[in-house]
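Participant: Got a structure for you, questions after.
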Amino acid sequence: MEREAEEALIRRAQGGDRDAFADLAEEYWGRIYRWLLKTIRCPHTAEDLTQDVFLKAWSALGSFQAGTSFRAWLFRIAGNRFIDTRRGPRGLPVAILPATLTSREPGPVGVALAGECQARIDRAVELLPVDLRAVFLLRVQEGLPFADIAEMFDITEETARWRLFKARQMLLNDLGDYLDGAKT
């Protein structure tokens, strides 16, 4: 969505236009849900939190500052909702998600190898500490700039960069032998 079109929708939504807000929600729903799902690893909780994010966004839309990133604002709300769940009961059930199996190699062997590789990578990401995993997914999956990530978690950009570096370093340590073996 072009920035001008998004800003027009935001102004209309701030004026009470539910259809305009629905268009904004439709634009960002999948991104917010996907990030929460990868971070929390529980589809039902991610769905509930995504709904909460957009309810909160609707009720707080008047506080949104024109000229700032709406996407970053939504992810900040999502980050706050995520943090709220961490303060509650621990031990959210871990749901193993079926990996989307795609392969450039035809046939079941290629599909099986791609699935195994993706499963190992997903598992390694799941094992990252939550603060590193959250930044890693926002940067790599959502492409958010460090400034937006820093704002979401009330940290400096340098801390956001360090968390991404540390996440990548941990992933390389965890997956290095496997990835080296996959090349041969």
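Residue numbers start at 1 in each chain; chains themselves are named A, B, ... in the order of the structure tokens; ligands are numbered from 1 in the order shown.
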Which residues, written as a PDB file with N, CA and C atoms, in the first residue's frame, have at least one atom at most 10 Å from stretch 146-150 of chain A, with only C-alpha atoms counted and residues fewer than 4 positions away on the same chain left out?

Facilitator:
ATOM      1  N   THR A  68       4.410   9.231  11.258  1.00  0.00           N
ATOM      2  CA  THR A  68       5.218   8.125  11.773  1.00  0.00           C
ATOM      3  C   THR A  68       4.764   6.839  11.094  1.00  0.00           C
ATOM      4  N   SER A  69       5.499   5.783  11.328  1.00  0.00           N
ATOM      5  CA  SER A  69       5.210   4.511  10.677  1.00  0.00           C
ATOM      6  C   SER A  69       4.049   3.793  11.358  1.00  0.00           C
ATOM      7  N   ARG A  71       2.939   0.851  10.534  1.00  0.00           N
ATOM      8  CA  ARG A  71       3.361  -0.542  10.703  1.00  0.00           C
ATOM      9  C   ARG A  71       4.146  -0.697  11.996  1.00  0.00           C
ATOM     10  N   ALA A  72       5.095   0.207  12.243  1.00  0.00           N
ATOM     11  CA  ALA A  72       5.883   0.138  13.480  1.00  0.00           C
ATOM     12  C   ALA A  72       4.993   0.334  14.697  1.00  0.00           C
ATOM     13  N   TRP A  73       4.013   1.226  14.597  1.00  0.00           N
ATOM     14  CA  TRP A  73       3.082   1.469  15.698  1.00  0.00           C
ATOM     15  C   TRP A  73       2.302   0.202  16.024  1.00  0.00           C
ATOM     16  N   PHE A  75       3.213  -2.903  15.317  1.00  0.00           N
ATOM     17  CA  PHE A  75       4.132  -3.899  15.875  1.00  0.00           C
ATOM     18  C   PHE A  75       4.515  -3.555  17.309  1.00  0.00           C
ATOM     19  N   ARG A  76       4.540  -2.279  17.638  1.00  0.00           N
ATOM     20  CA  ARG A  76       4.817  -1.910  19.033  1.00  0.00           C
ATOM     21  C   ARG A  76       3.663  -2.374  19.932  1.00  0.00           C
ATOM     22  N   GLY A  79       4.083  -6.015  20.227  1.00  0.00           N
ATOM     23  CA  GLY A  79       5.179  -6.309  21.152  1.00  0.00           C
ATOM     24  C   GLY A  79       4.759  -6.143  22.601  1.00  0.00           C
ATOM     25  N   ALA A 134      12.468 -12.388  18.946  1.00  0.00           N
ATOM     26  CA  ALA A 134      11.517 -11.352  18.535  1.00  0.00           C
ATOM     27  C   ALA A 134      12.177 -10.364  17.577  1.00  0.00           C
ATOM     28  N   VAL A 135      13.374  -9.900  17.901  1.00  0.00           N
ATOM     29  CA  VAL A 135      14.081  -8.957  17.030  1.00  0.00           C
ATOM     30  C   VAL A 135      14.461  -9.630  15.714  1.00  0.00           C
ATOM     31  N   PHE A 136      14.959 -10.860  15.783  1.00  0.00           N
ATOM     32  CA  PHE A 136      15.349 -11.600  14.581  1.00  0.00           C
ATOM     33  C   PHE A 136      14.174 -11.713  13.610  1.00  0.00           C
ATOM     34  N   LEU A 138      11.360  -9.932  13.484  1.00  0.00           N
ATOM     35  CA  LEU A 138      10.906  -8.630  12.986  1.00  0.00           C
ATOM     36  C   LEU A 138      11.817  -8.109  11.878  1.00  0.00           C
ATOM     37  N   ARG A 139      13.105  -8.316  12.023  1.00  0.00           N
ATOM     38  CA  ARG A 139      14.052  -7.817  11.024  1.00  0.00           C
ATOM     39  C   ARG A 139      14.059  -8.709   9.781  1.00  0.00           C
ATOM     40  N   ASP A 154      11.454  -0.309  23.274  1.00  0.00           N
ATOM     41  CA  ASP A 154      12.012   0.740  24.117  1.00  0.00           C
ATOM     42  C   ASP A 154      13.483   0.464  24.428  1.00  0.00           C
ATOM     43  N   ILE A 155      14.239   0.171  23.359  1.00  0.00           N
ATOM     44  CA  ILE A 155      15.668  -0.064  23.458  1.00  0.00           C
ATOM     45  C   ILE A 155      16.344   0.834  22.433  1.00  0.00           C
ATOM     46  N   THR A 156      17.667   0.908  22.485  1.00  0.00           N
ATOM     47  CA  THR A 156      18.385   1.698  21.492  1.00  0.00           C
ATOM     48  C   THR A 156      18.502   0.904  20.189  1.00  0.00           C
ATOM     49  N   GLU A 157      18.758   1.619  19.105  1.00  0.00           N
ATOM     50  CA  GLU A 157      18.981   0.932  17.833  1.00  0.00           C
ATOM     51  C   GLU A 157      20.185   0.005  17.939  1.00  0.00           C
ATOM     52  N   GLU A 158      21.196   0.440  18.659  1.00  0.00           N
ATOM     53  CA  GLU A 158      22.398  -0.381  18.825  1.00  0.00           C
ATOM     54  C   GLU A 158      22.060  -1.692  19.540  1.00  0.00           C
ATOM     55  N   THR A 159      21.187  -1.623  20.529  1.00  0.00           N
ATOM     56  CA  THR A 159      20.768  -2.848  21.219  1.00  0.00           C
ATOM     57  C   THR A 159      19.988  -3.747  20.274  1.00  0.00           C
ATOM     58  N   ALA A 160      19.137  -3.164  19.446  1.00  0.00           N
ATOM     59  CA  ALA A 160      18.394  -3.960  18.462  1.00  0.00           C
ATOM     60  C   ALA A 160      19.361  -4.640  17.498  1.00  0.00           C
ATOM     61  N   ARG A 161      20.372  -3.900  17.034  1.00  0.00           N
ATOM     62  CA  ARG A 161      21.377  -4.478  16.138  1.00  0.00           C
ATOM     63  C   ARG A 161      22.147  -5.601  16.838  1.00  0.00           C
ATOM     64  N   LEU A 164      20.045  -8.756  17.030  1.00  0.00           N
ATOM     65  CA  LEU A 164      20.022  -9.458  15.749  1.00  0.00           C
ATOM     66  C   LEU A 164      21.347 -10.173  15.516  1.00  0.00           C
TER      67      LEU A 164
END

Participant: As a count of residues only, please: every residue in chain A that a backbone DSSP assignment puts in alpha helix (DSSP H).

Facilitator: 137

Participant: Which residue, A:Ala57, A:Leu172, A:Leu144, A:Ala78, has the smallest gap to A:Ile121 when you use only C-alpha atoms?

Facilitator: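 Nearest to A:Ile121: A:Leu172.
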